[in-house]
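K.L.:
The following file, my_file-v1.txt, comprises compact mmCIF, C-alpha atoms:
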```txt
# COMPACT_ATOMS: atom_id res chain seq x y z
CA MET A 1 134.07 123.78 161.77
CA PHE A 2 130.96 122.72 159.83
CA GLU A 3 132.39 119.24 159.39
CA GLU A 4 132.98 118.75 163.10
CA PHE A 5 129.82 120.26 164.60
CA LEU A 6 126.12 119.86 163.80
CA ALA A 7 124.72 122.81 165.74
CA PHE A 8 125.73 126.37 166.52
CA ARG A 9 124.59 129.53 168.24
CA PHE A 10 124.81 132.91 166.54
CA LYS A 11 125.64 135.45 169.19
CA ASP A 12 127.38 138.80 169.12
CA GLY A 13 127.90 138.46 165.41
CA LYS A 14 129.82 135.18 165.73
CA LEU A 15 129.11 131.46 165.36
CA GLN A 16 129.61 129.41 168.51
CA PRO A 17 129.75 125.61 168.02
CA ILE A 18 127.56 123.49 170.30
CA ALA A 19 129.59 120.45 171.28
CA HIS A 20 126.68 118.49 172.75
CA PRO A 21 123.45 119.39 170.92
CA HIS A 22 120.09 118.07 172.04
CA LEU A 23 119.03 115.61 169.32
CA PRO A 24 115.49 114.34 169.97
CA SER A 25 114.30 111.19 168.24
CA PHE A 26 111.92 111.97 165.37
CA GLU A 27 110.03 108.73 165.94
CA SER A 28 109.47 109.40 169.64
CA LEU A 29 107.39 112.55 169.04
CA LEU A 30 103.76 111.46 169.39
CA PHE A 31 100.42 112.85 168.16
CA ILE A 32 101.92 115.33 165.71
CA ASP A 33 102.15 112.98 162.73
CA ARG A 34 100.97 115.44 160.10
CA GLN A 35 103.32 118.16 161.33
CA LYS A 36 106.21 115.69 161.43
CA GLU A 37 105.72 114.54 157.86
CA GLU A 38 105.30 118.07 156.52
CA LEU A 39 108.48 119.32 158.20
CA LYS A 40 110.42 116.22 157.21
CA ARG A 41 109.35 116.57 153.57
CA ASN A 42 110.19 120.28 153.45
CA THR A 43 113.59 119.67 155.05
CA LEU A 44 114.37 116.79 152.69
CA GLN A 45 113.62 119.05 149.73
CA PHE A 46 116.00 121.64 151.17
CA VAL A 47 118.77 119.14 151.89
CA LYS A 48 118.53 117.78 148.34
CA GLY A 49 118.84 121.27 146.89
CA TYR A 50 115.20 121.52 145.78
CA PRO A 51 112.94 124.51 146.48
CA ALA A 52 111.65 124.58 150.08
CA ASN A 53 109.89 127.04 152.36
CA ASP A 54 110.67 128.84 155.57
CA VAL A 55 108.53 127.28 158.31
CA LEU A 56 106.61 128.64 161.29
CA LEU A 57 105.63 126.10 163.95
CA TRP A 58 103.04 127.80 166.14
CA GLY A 59 100.69 126.75 168.91
CA ASP A 60 100.38 125.55 172.46
CA ARG A 61 103.34 125.21 174.77
CA GLY A 62 104.95 121.82 175.31
CA THR A 63 103.53 120.18 172.19
CA GLY A 64 106.83 119.34 170.51
CA LYS A 65 107.53 122.33 168.26
CA SER A 66 111.16 122.88 169.25
CA SER A 67 111.89 119.16 169.59
CA LEU A 68 110.59 118.57 166.08
CA VAL A 69 112.90 121.21 164.61
CA LYS A 70 115.90 119.80 166.46
CA SER A 71 115.01 116.26 165.35
CA MET A 72 115.76 117.30 161.76
CA LEU A 73 119.43 117.04 162.69
CA THR A 74 118.94 113.40 163.65
CA LEU A 75 117.39 112.74 160.27
CA PHE A 76 119.61 114.83 158.01
CA GLY A 77 122.79 115.76 159.87
CA LYS A 78 124.77 113.14 157.98
CA GLU A 79 123.49 114.63 154.71
CA GLY A 80 124.98 118.03 155.45
CA LEU A 81 122.21 119.76 157.42
CA ARG A 82 123.32 122.14 160.17
CA LEU A 83 121.20 123.99 162.74
CA ILE A 84 122.00 127.51 163.95
CA GLN A 85 120.10 128.97 166.87
CA VAL A 86 119.52 132.68 166.35
CA TYR A 87 118.15 135.00 169.01
CA LYS A 88 115.75 137.86 168.40
CA ALA A 89 118.35 140.38 169.47
CA GLN A 90 120.64 139.16 166.67
CA VAL A 91 118.23 139.89 163.82
CA GLU A 92 120.13 143.03 162.86
CA ASP A 93 123.27 140.90 162.37
CA LEU A 94 121.68 138.42 159.96
CA SER A 95 123.51 139.96 157.03
CA LYS A 96 126.81 139.04 158.71
CA LEU A 97 125.56 135.49 159.19
CA TYR A 98 124.58 135.26 155.54
CA GLU A 99 128.15 136.07 154.55
CA LEU A 100 129.57 133.47 156.96
CA LEU A 101 127.41 130.75 155.38
CA ARG A 102 127.06 131.78 151.77
CA ASP A 103 130.00 129.83 150.33
CA SER A 104 129.55 126.66 152.40
CA LYS A 105 128.37 123.43 150.80
CA LYS A 106 126.35 122.61 153.92
CA ARG A 107 122.64 123.42 154.27
CA PHE A 108 121.68 125.62 157.21
CA ILE A 109 118.44 126.09 159.15
CA LEU A 110 118.37 129.30 161.16
CA PHE A 111 116.31 128.41 164.21
CA PHE A 112 114.36 131.10 166.07
CA ASP A 113 112.87 129.43 169.14
CA ASP A 114 109.85 130.88 170.97
CA LEU A 115 109.77 133.91 168.70
CA SER A 116 107.39 136.76 169.48
CA PHE A 117 107.33 140.51 169.09
CA GLU A 118 105.42 143.46 170.43
CA PRO A 119 104.06 145.86 167.79
CA GLU A 120 106.50 148.60 168.80
CA GLU A 121 109.59 146.39 168.36
CA ASP A 122 111.60 147.23 165.25
CA GLN A 123 113.25 143.79 164.93
CA TYR A 124 110.17 142.19 163.44
CA ARG A 125 110.19 144.66 160.56
CA LEU A 126 113.85 143.95 159.95
CA LEU A 127 113.29 140.18 160.11
CA LYS A 128 110.38 140.55 157.68
CA SER A 129 112.68 142.33 155.26
CA MET A 130 115.51 139.81 155.66
CA LEU A 131 113.15 136.90 155.03
CA ASP A 132 111.66 138.30 151.87
CA GLY A 133 112.11 141.72 150.39
CA ASP A 134 115.57 142.95 151.38
CA LEU A 135 117.86 144.21 148.64
CA GLU A 136 120.43 141.57 149.58
CA GLU A 137 119.69 138.09 148.24
CA ARG A 138 119.55 135.42 150.90
CA PRO A 139 121.99 132.52 150.29
CA GLU A 140 120.23 129.51 148.73
CA ASN A 141 121.68 127.22 151.42
CA ILE A 142 119.71 128.91 154.23
CA LEU A 143 116.15 128.38 155.50
CA VAL A 144 114.46 129.86 158.56
CA TYR A 145 112.47 127.71 160.99
CA ALA A 146 110.75 129.51 163.87
CA THR A 147 108.57 128.39 166.76
CA SER A 148 106.08 130.66 168.46
CA ASN A 149 103.19 130.44 170.87
CA ARG A 150 101.52 133.19 168.84
CA ARG A 151 99.91 132.32 165.54
CA ASN A 152 100.89 135.69 164.06
CA ILE A 153 104.16 136.07 166.02
CA VAL A 154 103.46 139.79 166.53
CA ALA A 155 101.04 140.72 169.31
CA ASN A 156 97.87 142.55 168.34
CA ARG A 157 98.23 146.29 168.44
CA GLU A 158 96.10 148.26 170.88
CA ARG A 159 93.37 149.64 168.67
CA ASP A 160 92.52 153.34 168.86
CA GLY A 161 89.69 153.07 166.36
CA LYS A 162 91.75 154.36 163.45
CA PHE A 163 92.64 152.18 160.46
CA PRO A 164 92.04 148.78 162.13
CA GLU A 165 92.50 146.99 158.80
CA GLU A 166 95.96 148.50 158.34
CA ASP A 167 96.88 147.48 161.90
CA TYR A 168 95.81 143.90 161.18
CA LYS A 169 97.75 143.72 157.92
CA GLU A 170 100.86 145.00 159.69
CA THR A 171 100.43 142.41 162.46
CA ILE A 172 100.33 139.47 160.03
CA SER A 173 102.93 140.80 157.61
CA LEU A 174 105.74 138.82 159.23
CA VAL A 175 103.92 135.49 159.48
CA GLU A 176 103.03 135.71 155.80
CA ARG A 177 106.75 135.44 154.99
CA PHE A 178 106.65 131.80 156.14
CA GLY A 179 105.47 129.62 153.27
CA LEU A 180 104.72 126.65 155.53
CA ARG A 181 102.82 127.18 158.80
CA LEU A 182 102.19 124.22 161.09
CA GLY A 183 99.79 124.40 164.02
CA PHE A 184 100.30 122.46 167.28
CA PHE A 185 97.48 121.95 169.75
CA SER A 186 97.09 120.74 173.34
CA PHE A 187 96.85 117.02 174.01
CA ASP A 188 93.94 115.43 175.79
CA LYS A 189 94.23 113.20 178.87
CA ALA A 190 94.45 109.94 176.91
CA GLN A 191 97.20 111.29 174.66
CA TYR A 192 99.09 112.65 177.65
CA LEU A 193 99.01 109.26 179.37
CA GLU A 194 100.23 107.51 176.23
CA ILE A 195 103.17 109.91 176.08
CA VAL A 196 103.88 109.17 179.75
CA ARG A 197 103.85 105.43 179.09
CA ALA A 198 106.15 105.85 176.10
CA TYR A 199 108.65 107.89 178.13
CA ALA A 200 108.49 105.37 180.99
CA LYS A 201 109.27 102.54 178.60
CA GLU A 202 112.10 104.50 176.99
CA ARG A 203 113.64 105.26 180.41
CA GLY A 204 113.20 101.73 181.73
CA ILE A 205 110.80 102.71 184.50
CA SER A 206 108.92 99.68 185.75
CA ILE A 207 106.02 100.34 188.09
CA PRO A 208 102.39 99.19 187.86
CA GLN A 209 100.59 101.00 185.06
CA GLN A 210 97.74 102.14 187.30
CA GLU A 211 100.18 103.71 189.74
CA LEU A 212 102.11 105.34 186.88
CA GLU A 213 98.96 106.87 185.44
CA GLU A 214 97.60 108.05 188.80
CA ARG A 215 100.89 109.78 189.57
CA ALA A 216 101.04 111.27 186.08
CA LEU A 217 97.50 112.66 186.31
CA LEU A 218 98.17 114.21 189.70
CA TRP A 219 101.33 115.82 188.31
CA ALA A 220 99.43 117.24 185.31
CA THR A 221 96.52 118.47 187.44
CA GLU A 222 98.88 120.41 189.68
CA ARG A 223 100.42 122.06 186.62
CA GLY A 224 97.25 122.56 184.62
CA SER A 225 98.63 120.98 181.46
CA PHE A 226 98.45 117.70 179.53
CA SER A 227 101.42 118.67 177.37
CA GLY A 228 104.32 116.53 176.22
CA ARG A 229 106.63 118.74 178.24
CA THR A 230 104.59 118.05 181.38
CA ALA A 231 104.85 114.32 180.67
CA TYR A 232 108.63 114.53 180.26
CA GLN A 233 109.04 116.55 183.46
CA PHE A 234 106.91 114.04 185.34
CA ILE A 235 109.00 111.12 184.11
CA LYS A 236 112.24 112.85 185.10
CA ASP A 237 110.87 113.48 188.58
CA LEU A 238 109.61 109.92 188.94
CA GLU A 239 112.82 108.36 187.67
CA GLY A 240 114.84 110.48 190.09
CA ARG A 241 112.62 109.52 193.02
CA LEU A 242 112.85 105.81 192.22
CA LYS A 243 116.63 105.87 191.87
CA LEU A 244 116.96 107.84 195.08
CA SER A 245 114.83 105.31 196.92
CA GLN A 246 117.00 102.46 195.61
CA THR A 247 120.15 104.13 196.90
CA PHE A 248 118.64 105.57 200.08
CA PRO A 249 115.63 103.43 201.12
CA SER A 250 114.56 105.99 203.71
CA HIS A 251 113.74 108.30 200.79
CA SER A 252 111.27 105.95 199.13
CA PRO A 253 108.72 107.89 197.01
CA PRO A 254 105.38 108.59 198.69
```
Can the structure from this file be put into structure tokens for me?
P.N.:
Amino acid sequence: MFEEFLAFRFKDGKLQPIAHPHLPSFESLLFIDRQKEELKRNTLQFVKGYPANDVLLWGDRGTGKSSLVKSMLTLFGKEGLRLIQVYKAQVEDLSKLYELLRDSKKRFILFFDDLSFEPEEDQYRLLKSMLDGDLEERPENILVYATSNRRNIVANRERDGKFPEEDYKETISLVERFGLRLGFFSFDKAQYLEIVRAYAKERGISIPQQELEERALLWATERGSFSGRTAYQFIKDLEGRLKLSQTFPSHSPP
């Protein structure tokens, strides 16, 4: 199974192969150069069997966190790297997953996407233990990469005035398990437009640059975001409109 497939889901205590994984291009991810090189280096160390850290990619939405993790398969899939998406609800089954992977010669990244917890949720304490501190030794062929919009993953506890320092330490206790923490921040207008132009070139969209940028800015203004995700959604909409107008001229884009 690990020879045939690059990516899997872990659900209900079982591995489910993903026949058609999303494999973003590493080179196409713009304005996150430092984060790209750090994650690439850490993953290369892991693939080569050298010490490497669990990684938290945190920050603003639509800035490339998940795409960057998935792009590691494009870089290292042929060298034995495999990606397993794990959901928060499956944390209590991680021990089962460890046993499924322990004897494999492949290298596995357990991918928690958009991870966040409320203070009253017990899973974050269990995940904290499974990352570092559980009695069971984690297999050496497993790393954990997680993305989150929260820098500390766990939401701040409502303070009642008692022991605020202990509350804070408990809140950050999970994030401290990640040896490498990479921050991602919103793009400005110029960066957003460059991403739009890059996507348009990649998709073969040929319209005057001024028109492209005016449409892209209107799209972003309506959504309140200059993110890479907003740029990609705009390009998909524009490409669809243009193709529709070519097939059905009465539906030419406004």
K.L.:
For A:Lys65, please output as a ChimeraX atom specification all residues within 10 Å (counting all atoms listed in the file; exclusion window: fewer than 3 positions along the same chain).
P.N.:
/A:29,32,35-36,56-62,68-70,113-114,146-149,182-184
K.L.:
Using the file's own x, y and z axes, what box holds all listed atoms of stretch 240-250 of chain A with 6 Å on each side, keeping edges along x, y and z, and what are its centre and edge lengths in Å to one decimal, as AutoDock Vina command-line options?
P.N.:
```
--center_x 116.4 --center_y 106.5 --center_z 196.9 --size_x 19.5 --size_y 20.0 --size_z 25.6
```
K.L.:
Of the candidates A:Glu194, A:Glu121, A:Asp103, A:Asp188, which one gets nearest to A:Glu140 if we count all atoms listed in the file?
P.N.:
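Of A:Glu194, A:Glu121, A:Asp103, A:Asp188, the one nearest A:Glu140 is A:Asp103, counting all atoms listed in the file.
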K.L.:
Provide the atom CA of A:Phe2 to atom CA of A:Ser116 distance in Å, to one decimal place.
P.N.:
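We find that atom CA of A:Phe2 and atom CA of A:Ser116 lie 29.1 Å from each other.
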K.L.:
Please report the interatomic distance between atom CA of A:Phe46 and atom CA of A:Leu135 in Å with one decimal.
P.N.:
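Atom CA of A:Leu135 lies 22.8 Å from atom CA of A:Phe46.
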K.L.:
For A:Leu81, which of A:Ala7, A:Leu97, A:Pro17, A:Pro24 is the closest residue, counting all atoms listed in the file?
P.N.:
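Result for the nearest residue to A:Leu81: A:Ala7.
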K.L.:
Using all atoms listed in the file, which of the listed residues (A:Tyr145, A:Phe26, A:Tyr232, A:Phe10) sits closest to A:Ser71?
P.N.:
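Among A:Tyr145, A:Phe26, A:Tyr232, A:Phe10, it is A:Phe26 that comes nearest to A:Ser71.
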K.L.:
Just give me the gap between atom CA of A:Ile109 and atom CA of A:Lys14 in Å, one decimal is fine.
P.N.:
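One can read the atom CA of A:Ile109 to atom CA of A:Lys14 distance as 16.0 Å.
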K.L.:
Using only C-alpha atoms, can you tell me which of A:Trp219, A:Phe178, A:Tyr87, A:Tyr98 comes closest to A:Glu137?
P.N.:
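Closest candidate: A:Tyr98.
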K.L.:
Give as a list of chain:residue names each residue that has an atom at most 12 Å from (120.7, 132.1, 148.3) in the file, counting all atoms listed in the file.
P.N.:
A:Phe46, A:Gly49, A:Pro51, A:Ala52, A:Tyr98, A:Glu99, A:Leu101, A:Arg102, A:Asp103, A:Ser104, A:Lys105, A:Arg107, A:Phe108, A:Met130, A:Leu131, A:Asp132, A:Glu136, A:Glu137, A:Arg138, A:Pro139, A:Glu140, A:Asn141, A:Ile142, A:Leu143
K.L.:
Which residue out of A:Phe112, A:Phe8, A:Phe76, A:Phe31 has the minimum interatomic distance to A:Asp54 when all atoms listed in the file are used?
P.N.:
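Of all the options, A:Phe112 lies closest to A:Asp54.
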K.L.:
Considering only C-alpha atoms, return as a PyMOL selection string whatever protein or nucleic-acid residues lie within 10 Å of A:Leu174, sequence-local ones (same chain, fewer than 2 positions apart) excluded.
P.N.:
chain A and resi 124-129+131-132+152-154+169-172+176-178
K.L.:
Would you pick out the contacts of A:Ile235 at 9 Å or less, using all atoms listed in the file, so that residues sharing its chain but fewer than 4 positions from it are not included, and give the list as a PyMOL selection string?
P.N.:
chain A and resi 196+199-200+203+205+216+230-231+239-240
K.L.:
Pull C-alpha atoms from the residues just selected and write them as a tab-separated table (two decimals), in the coordinates of the input.
P.N.:
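Output saved as again.tsv:
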```
chain	number	residue	atom	x	y	z
A	196	VAL	CA	103.88	109.17	179.75
A	199	TYR	CA	108.65	107.89	178.13
A	200	ALA	CA	108.49	105.37	180.99
A	203	ARG	CA	113.64	105.26	180.41
A	205	ILE	CA	110.80	102.71	184.50
A	216	ALA	CA	101.04	111.27	186.08
A	230	THR	CA	104.59	118.05	181.38
A	231	ALA	CA	104.85	114.32	180.67
A	239	GLU	CA	112.82	108.36	187.67
A	240	GLY	CA	114.84	110.48	190.09
```
